[in-house]
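Asker: Pasting target.cif here (mmCIF, C-alpha atoms):
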```cif
data_input
#
loop_
_atom_site.label_atom_id
_atom_site.label_comp_id
_atom_site.auth_asym_id
_atom_site.auth_seq_id
_atom_site.Cartn_x
_atom_site.Cartn_y
_atom_site.Cartn_z
CA MET A 1 46.96 98.16 44.23
CA ALA A 2 49.25 95.61 42.71
CA LEU A 3 48.86 91.99 43.58
CA PRO A 4 51.65 90.79 45.83
CA LEU A 5 52.11 87.67 43.71
CA PRO A 6 53.40 87.73 40.13
CA PRO A 7 51.11 86.34 37.42
CA GLY A 8 51.19 82.62 36.96
CA LEU A 9 51.70 79.89 39.52
CA THR A 10 54.32 79.85 42.24
CA PRO A 11 56.39 76.69 42.71
CA PRO A 12 54.38 75.50 45.76
CA GLU A 13 51.19 75.89 43.73
CA VAL A 14 52.60 73.85 40.86
CA ALA A 15 53.65 71.19 43.35
CA PHE A 16 50.16 71.22 44.84
CA LEU A 17 48.68 70.51 41.41
CA CYS A 18 51.21 67.76 40.94
CA GLU A 19 49.95 66.03 44.07
CA MET A 20 46.75 65.14 42.22
CA GLU A 21 48.71 62.88 39.86
CA LEU A 22 48.13 59.18 40.36
CA VAL A 23 50.98 56.98 41.52
CA THR A 24 51.06 53.24 42.06
CA VAL A 25 51.39 51.98 45.62
CA ILE A 26 51.81 48.56 47.20
CA PRO A 27 49.75 48.73 50.38
CA ARG A 28 50.90 47.07 53.58
CA GLN A 29 47.56 47.40 55.30
CA ARG A 30 43.99 46.93 54.28
CA LEU A 31 42.06 50.14 53.63
CA ASP A 32 38.57 50.56 52.27
CA GLY A 33 37.98 52.85 49.37
CA LEU A 34 37.68 56.52 50.30
CA GLU A 35 35.12 58.87 48.82
CA LEU A 36 37.28 61.85 47.93
CA LEU A 37 36.33 65.00 46.07
CA GLY A 38 38.52 63.89 43.19
CA GLY A 39 36.66 60.58 42.96
CA PRO A 40 36.66 57.35 44.94
CA THR A 41 39.94 55.59 45.63
CA PRO A 42 40.23 51.85 45.08
CA PRO A 43 40.11 49.68 48.22
CA LEU A 44 43.60 48.65 49.28
CA THR A 45 44.36 44.96 49.84
CA PRO A 46 47.95 44.26 50.84
CA PRO A 47 49.71 42.47 48.02
CA LEU A 48 47.74 44.10 45.23
CA ARG A 49 48.90 47.30 43.56
CA ALA A 50 46.57 50.28 43.43
CA ASN A 51 46.69 53.79 42.00
CA LEU A 52 46.32 56.62 44.49
CA PRO A 53 46.76 60.38 44.27
CA LEU A 54 50.30 61.40 45.14
CA TRP A 55 49.33 63.30 48.29
CA LEU A 56 47.49 60.30 49.72
CA ALA A 57 50.29 57.95 48.73
CA LEU A 58 52.85 60.17 50.47
CA LEU A 59 50.64 60.38 53.55
CA LEU A 60 50.30 56.60 53.76
CA LYS A 61 53.98 56.21 53.05
CA ARG A 62 54.82 58.51 55.95
CA GLN A 63 52.63 56.36 58.18
CA ARG A 64 54.38 53.23 56.88
CA ARG A 65 51.14 51.85 55.51
CA CYS A 66 52.33 51.49 51.93
CA ASN A 67 55.28 51.52 49.57
CA ILE A 68 55.33 53.67 46.46
CA LEU A 69 56.30 52.15 43.14
CA ALA A 70 58.38 54.77 41.38
CA PRO A 71 57.17 55.57 37.84
CA PRO A 72 59.28 53.92 35.13
CA TRP A 73 60.70 57.22 33.89
CA LEU A 74 62.22 57.87 37.31
CA HIS A 75 64.64 54.95 36.99
CA PRO A 76 68.29 55.88 36.48
CA ALA A 77 68.45 54.06 33.15
CA SER A 78 65.50 55.92 31.61
CA LEU A 79 66.64 59.25 33.02
CA THR A 80 70.10 58.68 31.56
CA SER A 81 68.68 57.93 28.14
CA ILE A 82 66.38 60.98 28.30
CA LEU A 83 69.33 63.13 29.32
CA GLU A 84 71.26 61.75 26.39
CA THR A 85 68.41 62.61 24.04
CA GLU A 86 68.38 66.13 25.44
CA THR A 87 72.09 66.71 25.09
CA GLU A 88 73.02 64.65 22.04
CA HIS A 89 70.15 64.08 19.67
CA SER A 90 67.96 67.13 19.94
CA LYS A 91 70.15 70.00 21.02
CA ALA A 92 67.51 72.64 20.36
CA ALA A 93 64.21 70.97 21.23
CA PHE A 94 63.00 69.44 24.45
CA SER A 95 62.49 65.72 24.70
CA PRO A 96 58.88 65.11 23.72
CA ALA A 97 56.12 64.61 26.23
CA PRO A 98 54.59 61.16 26.55
CA LYS A 99 52.34 60.23 23.64
CA LEU A 100 48.63 60.13 24.17
CA PRO A 101 47.21 56.65 24.42
CA PRO A 102 45.28 55.46 21.36
CA LYS A 103 41.68 56.44 21.70
CA SER A 104 39.77 53.36 22.67
CA LEU A 105 36.66 52.82 20.63
CA SER A 106 34.79 51.00 23.33
CA SER A 107 34.63 53.94 25.69
CA SER A 108 32.52 56.21 23.57
CA SER A 109 32.17 58.79 26.31
CA GLN A 110 32.49 62.42 25.34
CA LEU A 111 35.42 62.79 27.74
CA THR A 112 38.70 63.05 25.88
CA LEU A 113 41.51 62.72 28.34
CA SER A 114 44.56 64.90 27.93
CA PRO A 115 47.76 65.10 29.98
CA PRO A 116 46.69 66.56 33.34
CA PHE A 117 43.99 63.92 33.63
CA LEU A 118 45.99 61.01 32.28
CA PRO A 119 47.94 58.89 34.73
CA SER A 120 51.52 59.68 33.70
CA SER A 121 53.37 58.54 36.79
CA THR A 122 51.82 55.17 37.57
CA ALA A 123 53.80 51.96 37.31
CA ASP A 124 52.56 51.31 33.76
CA SER A 125 53.44 54.74 32.37
CA ARG A 126 56.02 55.15 29.63
CA ALA A 127 59.68 55.01 30.53
CA ASP A 128 61.05 57.09 27.68
CA ALA A 129 59.30 60.43 28.14
CA LEU A 130 59.06 63.02 30.87
CA PRO A 131 55.49 63.88 31.88
CA PHE A 132 54.30 67.44 32.50
CA HIS A 133 54.96 67.29 36.25
CA TRP A 134 58.30 65.48 36.03
CA MET A 135 60.35 67.84 38.15
CA GLU A 136 57.79 68.20 40.94
CA MET A 137 56.95 64.50 40.97
CA GLY A 138 60.62 63.56 41.09
CA GLU A 139 61.42 65.97 43.91
CA LEU A 140 58.36 65.03 45.94
CA LEU A 141 59.06 61.32 45.61
CA LEU A 142 62.73 61.79 46.40
CA SER A 143 61.95 63.71 49.56
CA GLY A 144 58.98 61.60 50.70
CA ALA A 145 59.83 58.11 49.52
CA ALA A 146 63.54 58.02 48.77
CA ASP A 147 63.88 54.42 50.00
CA ASP A 148 61.39 53.23 47.37
CA ILE A 149 63.43 54.63 44.50
CA ALA A 150 66.24 52.61 43.00
CA ASP A 151 69.53 54.46 43.39
CA ALA A 152 67.99 57.63 44.79
CA ASP A 153 71.21 59.63 44.81
CA LEU A 154 71.89 58.96 41.16
CA VAL A 155 68.28 59.83 40.32
CA ARG A 156 68.60 63.07 42.24
CA ARG A 157 71.72 64.00 40.33
CA LEU A 158 70.18 63.10 36.98
CA LEU A 159 67.11 65.21 37.75
CA ARG A 160 69.37 68.12 38.60
CA ASP A 161 71.28 67.67 35.33
CA LEU A 162 68.08 67.48 33.31
CA ARG A 163 66.82 70.63 34.95
CA GLU A 164 70.01 72.50 34.09
CA VAL A 165 70.02 71.34 30.48
CA ARG A 166 66.39 72.20 29.93
CA MET A 167 66.48 75.57 31.67
CA ALA A 168 69.45 76.49 29.49
CA LYS A 169 67.27 75.67 26.48
CA VAL A 170 64.42 77.79 27.79
CA ARG A 171 66.84 80.69 28.13
CA ALA A 172 68.37 80.10 24.71
CA GLY A 173 64.85 80.27 23.28
CA VAL A 174 64.83 83.97 24.15
CA GLU A 175 67.27 84.73 21.34
CA VAL A 176 64.85 83.58 18.69
CA LEU A 177 61.90 85.38 20.22
CA ASP A 178 60.13 88.06 18.29
CA ALA A 179 57.68 90.74 19.30
CA GLY A 180 54.82 88.85 17.69
CA GLY A 181 56.38 85.41 17.39
CA GLY A 182 56.53 82.52 19.76
CA VAL A 183 58.95 79.95 20.96
CA GLN A 184 58.45 76.21 20.66
CA MET A 185 57.69 74.93 24.14
CA ASN A 186 56.48 71.41 23.48
CA GLY A 187 57.44 69.09 26.28
CA VAL A 188 58.25 71.80 28.83
CA GLY A 189 57.21 70.82 32.33
CA GLY A 190 54.94 72.68 34.72
CA MET A 191 57.68 73.83 37.05
CA GLU A 192 59.78 75.01 34.13
CA VAL A 193 56.91 77.10 32.83
CA ALA A 194 56.47 78.61 36.30
CA GLU A 195 60.17 79.37 36.48
CA GLY A 196 60.51 80.86 33.02
CA ARG A 197 57.27 82.79 32.88
CA ALA A 198 58.35 86.06 34.48
CA PHE A 199 61.54 86.37 32.46
CA ILE A 200 60.16 85.34 29.07
CA GLY A 201 57.10 87.49 29.59
CA GLY A 202 59.36 90.43 30.37
CA VAL A 203 61.44 89.90 27.25
CA VAL A 204 58.40 89.67 24.98
CA ASP A 205 57.01 92.78 26.60
CA GLY A 206 60.25 94.69 26.04
CA LEU A 207 60.46 93.59 22.41
CA ARG A 208 56.88 94.64 21.87
CA ARG A 209 57.58 98.06 23.29
CA ILE A 210 60.61 98.57 21.04
CA GLY A 211 58.72 97.39 17.99
CA ALA A 212 55.54 99.29 18.83
CA SER A 213 56.18 102.12 16.38
CA ARG A 214 56.91 99.75 13.52
CA GLU A 215 53.82 97.77 14.41
CA GLN A 216 51.79 100.97 14.31
CA VAL A 217 53.09 101.85 10.85
CA LYS A 218 52.37 98.37 9.61
CA ARG A 219 48.85 98.48 10.96
CA GLU A 220 48.18 101.83 9.34
CA ARG A 221 49.48 100.60 6.03
CA GLU A 222 47.31 97.50 6.25
CA ALA A 223 44.26 99.57 7.06
CA GLU A 224 45.03 101.80 4.11
CA GLU A 225 45.41 98.84 1.80
CA ARG A 226 42.21 97.38 3.06
CA GLU A 227 40.43 100.62 2.32
CA ARG A 228 41.86 100.76 -1.14
CA GLY A 229 40.95 97.12 -1.65
CA LEU A 230 37.45 97.89 -0.47
CA ALA A 231 37.10 100.65 -3.00
CA ASN A 232 38.18 98.35 -5.82
CA THR A 233 36.05 95.40 -4.89
CA ALA A 234 33.15 97.22 -3.39
CA ASP A 235 30.57 95.05 -5.12
CA ASP A 236 32.09 91.81 -3.86
CA ASP A 237 32.09 93.13 -0.38
CA TYR A 238 28.49 94.10 -0.45
CA ASP A 239 27.71 90.56 -1.52
CA ALA A 240 29.70 89.20 1.36
CA MET A 241 27.85 91.46 3.76
CA ASP A 242 24.50 90.26 2.50
CA LEU A 243 25.47 86.75 3.40
CA MET B 1 50.75 103.91 26.64
CA SER B 2 52.02 103.41 30.12
CA SER B 3 50.12 104.40 33.21
CA TYR B 4 49.93 108.02 34.32
CA TYR B 5 51.41 107.13 37.67
CA ASP B 6 54.15 104.89 36.27
CA ILE B 7 57.32 106.24 37.84
CA ASP B 8 59.43 104.79 35.04
CA ALA B 9 57.40 106.61 32.43
CA ILE B 10 57.79 109.88 34.35
CA LEU B 11 61.54 109.40 34.65
CA THR B 12 61.73 108.55 30.96
CA ASP B 13 60.05 111.83 30.10
CA ALA B 14 62.56 113.69 32.24
CA GLN B 15 65.51 112.51 30.17
CA LYS B 16 67.21 115.10 28.01
CA VAL B 17 67.00 115.22 24.25
CA LEU B 18 68.83 117.46 21.85
CA CYS B 19 66.70 120.34 20.52
CA THR B 20 67.49 123.09 18.04
CA PHE B 21 65.62 126.39 18.35
CA GLU B 22 64.23 127.51 15.01
CA LEU B 23 63.22 130.95 16.25
CA THR B 24 64.86 133.58 18.40
CA VAL B 25 63.07 133.73 21.72
CA PRO B 26 63.59 136.90 23.75
CA GLY B 27 64.55 136.42 27.38
CA LEU B 28 64.89 132.63 27.22
CA GLY B 29 68.67 132.68 27.28
CA TYR B 30 68.86 131.47 30.86
CA ILE B 31 68.20 127.93 29.67
CA ASP B 32 71.49 128.05 27.83
CA GLY B 33 73.33 129.74 30.69
CA ASN B 34 73.00 133.18 29.13
CA GLU B 35 71.24 135.03 31.94
CA GLY B 36 68.89 137.76 30.75
CA GLY B 37 69.81 137.29 27.10
CA ASP B 38 67.85 135.96 24.17
CA MET B 39 67.70 132.40 22.88
CA LYS B 40 69.24 132.74 19.45
CA GLN B 41 67.90 130.96 16.42
CA GLY B 42 69.81 127.75 15.74
CA THR B 43 70.98 127.24 19.30
CA LYS B 44 71.24 123.61 20.34
CA VAL B 45 70.16 122.85 23.90
CA GLU B 46 69.25 119.73 25.78
CA LEU B 47 65.65 119.87 27.00
CA PRO B 48 63.66 117.25 28.88
CA LEU B 49 61.75 114.99 26.54
CA TRP B 50 58.33 116.15 27.73
CA LEU B 51 59.16 119.79 27.03
CA GLY B 52 60.98 119.17 23.79
CA GLU B 53 58.18 116.99 22.46
CA MET B 54 55.55 119.60 23.32
CA LEU B 55 57.46 122.42 21.65
CA ALA B 56 58.34 120.41 18.57
CA VAL B 57 54.90 118.96 17.95
CA SER B 58 52.74 121.96 18.73
CA GLN B 59 52.94 124.58 16.05
CA ASN B 60 51.00 127.53 14.84
CA ILE B 61 49.23 127.27 11.55
CA SER B 62 51.33 129.96 9.93
CA SER B 63 54.78 129.43 11.35
CA SER B 64 57.25 126.61 11.50
CA PRO B 65 57.67 124.67 14.73
CA LEU B 66 59.48 126.42 17.53
CA ILE B 67 62.17 123.80 17.85
CA THR B 68 63.22 120.64 16.05
CA LEU B 69 64.08 117.47 17.88
CA ASP B 70 67.18 115.40 17.29
CA LEU B 71 67.95 111.95 18.50
CA PRO B 72 69.40 112.07 22.03
CA THR B 73 73.08 111.35 22.50
CA ALA B 74 72.14 107.94 23.88
CA LEU B 75 70.99 106.99 20.38
CA ALA B 76 73.81 108.64 18.47
CA PRO B 77 75.25 106.72 15.49
CA ARG B 78 78.39 106.06 17.53
CA VAL B 79 76.34 104.21 20.14
CA LEU B 80 74.37 102.28 17.53
CA ASN B 81 77.59 101.16 15.85
CA ALA B 82 78.90 99.95 19.20
CA LEU B 83 75.64 98.07 19.79
CA LYS B 84 75.90 96.48 16.36
CA ALA B 85 79.44 95.38 17.09
CA ASP B 86 78.82 93.88 20.51
CA PRO B 87 75.61 94.62 22.44
CA ARG B 88 76.98 93.16 25.65
CA THR B 89 79.82 95.57 26.25
CA VAL B 90 77.85 98.80 26.02
CA ASP B 91 77.01 100.48 29.31
CA LEU B 92 73.39 101.45 28.63
CA ARG B 93 72.85 102.84 32.11
CA ALA B 94 75.55 105.45 31.58
CA LEU B 95 73.90 106.48 28.31
CA ALA B 96 70.39 106.73 29.71
CA PRO B 97 68.92 105.08 32.82
CA HIS B 98 65.73 104.28 30.88
CA PHE B 99 67.41 103.51 27.60
CA TYR B 100 64.75 101.31 25.99
CA ALA B 101 61.84 103.40 27.21
CA LEU B 102 63.54 106.52 25.83
CA SER B 103 64.19 104.74 22.52
CA ALA B 104 60.56 103.65 22.32
CA ARG B 105 59.45 107.25 22.89
CA MET B 106 61.82 108.54 20.23
CA LEU B 107 60.61 105.88 17.82
CA GLU B 108 57.11 107.23 18.27
CA LEU B 109 58.40 110.55 16.92
CA PHE B 110 60.87 109.32 14.32
CA GLU B 111 60.41 106.43 11.96
CA ASP B 112 63.62 104.52 11.78
CA ASP B 113 63.52 100.87 10.81
CA GLU B 114 67.25 100.44 11.28
CA LEU B 115 67.04 101.75 14.83
CA VAL B 116 64.24 99.29 15.64
CA GLU B 117 66.32 96.50 14.16
CA VAL B 118 69.45 97.36 16.14
CA LEU B 119 67.53 97.80 19.39
CA THR B 120 65.65 94.52 18.97
CA GLU B 121 68.84 92.60 18.35
CA THR B 122 70.52 94.34 21.29
CA PHE B 123 67.67 93.60 23.63
CA LYS B 124 67.58 89.92 22.65
CA ALA B 125 71.31 89.39 22.97
CA ARG B 126 71.47 91.18 26.30
CA SER B 127 68.40 89.35 27.63
CA ALA B 128 70.10 86.02 27.03
CA SER B 129 73.13 87.20 29.00
CA ILE B 130 70.89 88.54 31.75
CA ALA B 131 69.19 85.17 32.09
CA ASP B 132 72.54 83.42 32.36
CA GLN B 133 73.77 85.89 34.97
CA ALA B 134 70.56 85.64 36.96
CA HIS B 135 70.88 81.86 37.24
CA ASN B 136 74.54 81.91 38.07
CA PRO B 137 74.73 82.41 41.80
CA ARG B 138 78.07 84.23 41.63
CA GLY B 139 77.26 86.16 38.49
CA ALA B 140 76.64 89.46 40.23
CA LEU B 141 80.02 89.37 41.94
CA GLY B 142 82.34 87.83 39.38
CA ASP B 143 83.17 88.87 35.86
CA GLY B 144 79.54 89.68 35.12
CA ALA B 145 79.55 92.63 37.48
CA ASP B 146 80.49 95.17 34.83
CA PHE B 147 77.77 93.98 32.50
CA LEU B 148 75.17 94.04 35.27
CA ARG B 149 76.11 97.54 36.28
CA GLY B 150 75.42 98.68 32.74
CA LEU B 151 71.85 97.39 32.61
CA ASP B 152 69.10 99.92 32.04
CA GLU B 153 66.00 99.98 34.25
CA ASN B 154 63.95 97.64 32.09
CA GLU B 155 66.78 95.12 32.01
CA ARG B 156 67.21 95.35 35.76
CA GLN B 157 63.57 94.37 36.18
CA LEU B 158 64.17 91.43 33.85
CA PHE B 159 67.17 90.36 35.87
CA ARG B 160 65.15 90.57 39.05
CA ALA B 161 62.29 88.55 37.53
CA ALA B 162 64.62 85.81 36.31
CA HIS B 163 66.50 85.74 39.58
CA ASP B 164 63.37 85.70 41.74
CA SER B 165 61.69 82.87 39.87
CA SER B 166 64.75 80.65 40.02
CA LYS B 167 65.10 81.53 43.68
CA ALA B 168 61.47 80.56 44.31
CA VAL B 169 62.03 77.12 42.79
CA LYS B 170 65.18 76.63 44.85
CA ALA B 171 63.35 77.74 47.99
CA TRP B 172 60.58 75.25 47.28
CA MET B 173 63.13 72.45 46.89
CA ALA B 174 64.87 73.42 50.11
CA ASP B 175 61.50 73.54 51.88
CA LEU B 176 60.73 70.05 50.67
CA LYS B 177 63.96 68.70 52.12
CA LYS B 178 63.32 70.33 55.46
CA GLY B 179 59.91 68.92 56.10
#
```
How does the structure come out when it is put into structure tokens?
Answerer:
Amino acid sequence: MALPLPPGLTPPEVAFLCEMELVTVIPRQRLDGLELLGGPTPPLTPPLRANLPLWLALLLKRQRRCNILAPPWLHPASLTSILETETEHSKAAFSPAPKLPPKSLSSSSQLTLSPPFLPSSTADSRADALPFHWMEMGELLLSGAADDIADADLVRRLLRDLREVRMAKVRAGVEVLDAGGGVQMNGVGGMEVAEGRAFIGGVVDGLRRIGASREQVKREREAEERERGLANTADDDYDAMDL
Amino acid sequence: MSSYYDIDAILTDAQKVLCTFELTVPGLGYIDGNEGGDMKQGTKVELPLWLGEMLAVSQNISSSPLITLDLPTALAPRVLNALKADPRTVDLRALAPHFYALSARMLELFEDDELVEVLTETFKARSASIADQAHNPRGALGDGADFLRGLDENERQLFRAAHDSSKAVKAWMADLKKG
């Protein structure tokens, strides 16, 4: 029995993962720290900024208990410059993901943080790069906290433009695909992966099926060569096996 | 190999390929419309792939194979030249509803690097068009209609996949606005 859902994540699932990202809020009310499964939240004291998970921030925002500080990359100016990079400077590649912070020597813990666990949408994140969850974060903030975003309509339009430009690139990547090869997907966001997965997977599958016979021939030839090579260098191989 | 119950694989096997009889078979003339007669040596008939493959591959130790297979008309040089010229304008569905699956099966029997090359390039070029059409909301009605009608079964599934995933994202966005 086939699973009703296609492989990979559906858009609501990607958005759910995005809600774990930290955002910066300015609380309007005092709130003690909460012991959540994802770790304790900082206590909220009105004029001081704090980082909360997106879902909690949106909940408090809906109850008018806080304001959300939009991440720097969600400002119209940074989005415009990113869009320009996408369309003018790197026509083939995606704009790069935010750089990893330099590894601090003091925290010698064995935990190395990588993108999903790095705050990429807080107030002190970088303004010139789109994080992994850019599309989901942008849409969620625009729908839940539009009044906290400078020039929300322009931001909405820029996000739409970015999405179009980048999806066109994902599709153009299909032309350079190969049965065994890959396509450069650095900097592609979570929602874009979810959207492109079914199609790109289908194309690779089709190419593999067409090239299957050639692949078979190649494999046979390689096996043959390996056998011949084995016969020639039998002694060396026995040595290697002893090791 | 595809699954035993895969309906696409079954339909692929039912497609006709060109076969030439190497022996005269008494009483088999009805296949060629010659009721009660014999199947003459050298007669060309179109047989389903599953039958043609069986007869061509299985052979007695002493004799030559009963029939020889040829490439189906869907993979004739004329078609390949058209695909080389412009992959997008060829109506693959009219040639064979399971064009790529049929080609893959034929490539298991024949080794033909040029055919692999042409088919790979065709598939890539057409996939890119399919993606564009799937994201264009009016693509299926406007000038893309002819192209979409000519997609083979595999390409139709691709179109559906691309269309469904972009629809899912749009539905999520619309959901977000509602509540």
Asker: Considering only C-alpha atoms, extract the chain A residues located within 6 Å of chain B and return them as a PyMOL selection string.
Answerer: chain A and resi 11+143+175+195+198-199+210+213
Asker: Go through the shown structure with the PyMOL selection byres ((chain A and resi 40-52) around 8) and write out the matching residues as a PyMOL selection string.
Answerer: chain A and resi 22-39+53-54+56-57+122
Asker: For the residues in that selection, give me C-alpha atoms as a compact mmCIF listing (two decimals), in the frame of the given file.
Answerer:
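Saved result, again-v5.txt, follows:
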```
# COMPACT_ATOMS: atom_id res chain seq x y z
CA LEU A 22 48.13 59.18 40.36
CA VAL A 23 50.98 56.98 41.52
CA THR A 24 51.06 53.24 42.06
CA VAL A 25 51.39 51.98 45.62
CA ILE A 26 51.81 48.56 47.20
CA PRO A 27 49.75 48.73 50.38
CA ARG A 28 50.90 47.07 53.58
CA GLN A 29 47.56 47.40 55.30
CA ARG A 30 43.99 46.93 54.28
CA LEU A 31 42.06 50.14 53.63
CA ASP A 32 38.57 50.56 52.27
CA GLY A 33 37.98 52.85 49.37
CA LEU A 34 37.68 56.52 50.30
CA GLU A 35 35.12 58.87 48.82
CA LEU A 36 37.28 61.85 47.93
CA LEU A 37 36.33 65.00 46.07
CA GLY A 38 38.52 63.89 43.19
CA GLY A 39 36.66 60.58 42.96
CA PRO A 53 46.76 60.38 44.27
CA LEU A 54 50.30 61.40 45.14
CA LEU A 56 47.49 60.30 49.72
CA ALA A 57 50.29 57.95 48.73
CA THR A 122 51.82 55.17 37.57
```
Asker: Could you pull the residues within 10 Å of region 34-51 of chain B, counting all atoms listed in the file, minus those fewer than 2 positions along the same chain, as an mmCIF file with C-alpha atoms, in the frame of the given file?
Answerer:
```cif
data_model
loop_
_atom_site.group_PDB
_atom_site.id
_atom_site.type_symbol
_atom_site.label_atom_id
_atom_site.label_comp_id
_atom_site.auth_asym_id
_atom_site.auth_seq_id
_atom_site.Cartn_x
_atom_site.Cartn_y
_atom_site.Cartn_z
ATOM 1 C CA ILE B 10 57.790 109.880 34.350
ATOM 2 C CA LEU B 11 61.540 109.400 34.650
ATOM 3 C CA THR B 12 61.730 108.550 30.960
ATOM 4 C CA ASP B 13 60.050 111.830 30.100
ATOM 5 C CA ALA B 14 62.560 113.690 32.240
ATOM 6 C CA GLN B 15 65.510 112.510 30.170
ATOM 7 C CA LYS B 16 67.210 115.100 28.010
ATOM 8 C CA VAL B 17 67.000 115.220 24.250
ATOM 9 C CA LEU B 18 68.830 117.460 21.850
ATOM 10 C CA CYS B 19 66.700 120.340 20.520
ATOM 11 C CA THR B 20 67.490 123.090 18.040
ATOM 12 C CA PHE B 21 65.620 126.390 18.350
ATOM 13 C CA GLU B 22 64.230 127.510 15.010
ATOM 14 C CA LEU B 23 63.220 130.950 16.250
ATOM 15 C CA THR B 24 64.860 133.580 18.400
ATOM 16 C CA VAL B 25 63.070 133.730 21.720
ATOM 17 C CA PRO B 26 63.590 136.900 23.750
ATOM 18 C CA GLY B 27 64.550 136.420 27.380
ATOM 19 C CA LEU B 28 64.890 132.630 27.220
ATOM 20 C CA GLY B 29 68.670 132.680 27.280
ATOM 21 C CA TYR B 30 68.860 131.470 30.860
ATOM 22 C CA ILE B 31 68.200 127.930 29.670
ATOM 23 C CA ASP B 32 71.490 128.050 27.830
ATOM 24 C CA GLU B 53 58.180 116.990 22.460
ATOM 25 C CA MET B 54 55.550 119.600 23.320
ATOM 26 C CA LEU B 55 57.460 122.420 21.650
ATOM 27 C CA ALA B 56 58.340 120.410 18.570
ATOM 28 C CA LEU B 66 59.480 126.420 17.530
ATOM 29 C CA ILE B 67 62.170 123.800 17.850
ATOM 30 C CA THR B 68 63.220 120.640 16.050
ATOM 31 C CA LEU B 69 64.080 117.470 17.880
ATOM 32 C CA ASP B 70 67.180 115.400 17.290
ATOM 33 C CA PRO B 72 69.400 112.070 22.030
ATOM 34 C CA THR B 73 73.080 111.350 22.500
ATOM 35 C CA LEU B 102 63.540 106.520 25.830
ATOM 36 C CA ARG B 105 59.450 107.250 22.890
ATOM 37 C CA MET B 106 61.820 108.540 20.230
#
```
Asker: Please, what distance in Å, to one decimal, runs between CA of Arg214 (chain A) and CA of Leu71 (chain B)?
Answerer: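 Computed distance, CA of Arg214 (chain A) to CA of Leu71 (chain B), equals 17.2 Å.
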Asker: Could you list, as a list of chain:residue names, every residue within 12 Å of Val90 (chain B), counting all atoms listed in the file and ignoring same-chain residues fewer than 2 positions away?
Answerer: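 Here the qualifying residues turn out to be B:Ala74, B:Arg78, B:Val79, B:Leu80, B:Asn81, B:Ala82, B:Leu83, B:Lys84, B:Ala85, B:Asp86, B:Pro87, B:Arg88, B:Leu92, B:Arg93, B:Ala94, B:Leu95, B:Ala96, B:Phe99, B:Thr122, B:Phe123, B:Ala125, B:Arg126, B:Asp146, B:Phe147, B:Leu148, B:Arg149, B:Gly150, B:Leu151, B:Asp152.
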Asker: Given the choices A:Ala172, A:Val193, A:Leu159, A:Ile68, which gets closest to Thr80 (chain A) if the distance is worked out from all atoms listed in the file?
Answerer: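 Checking each candidate against Thr80 (chain A), we get A:Leu159 as the closest.
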Asker: Using only C-alpha atoms, determine which residues lie at most 9 Å from Gly144 (chain A), disregarding the query and same-chain residues fewer than 4 positions distant; provide the list as a ChimeraX atom specification.
Answerer: /A:58-59,61-62,139-140 /B:176-177
Asker: How many Å lie between CA of Glu220 (chain A) and CA of Val57 (chain B), rounded to one decimal?
Answerer: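 About the pair CA of Glu220 (chain A) and CA of Val57 (chain B): they are 20.3 Å apart.
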Asker: Leaving out Met135 (chain A) and any residue of its chain fewer than 2 positions from it, which residues lie within 8 Å of it when counting all atoms listed in the file, given as a ChimeraX atom specification?
Answerer: /A:133,137-139,159,163,189,191
Asker: Name the residues that the PyMOL selection byres ((chain A and resi 73) around 7) pulls out of this structure, and write them as a list in words.
Answerer: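 Residues picked by the PyMOL selection byres ((chain A and resi 73) around 7): Pro71, Pro72, Leu74, His75, Ser78, Leu79, Arg126, Ala127, Asp128, Ala129 and Leu130 of chain A.
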Asker: Enter the distance from CA of Leu141 (chain A) to CA of Met167 (chain A), in Å, rounded to one decimal.
Answerer: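 Pair CA of Leu141 (chain A) / CA of Met167 (chain A) returns 21.3 Å.
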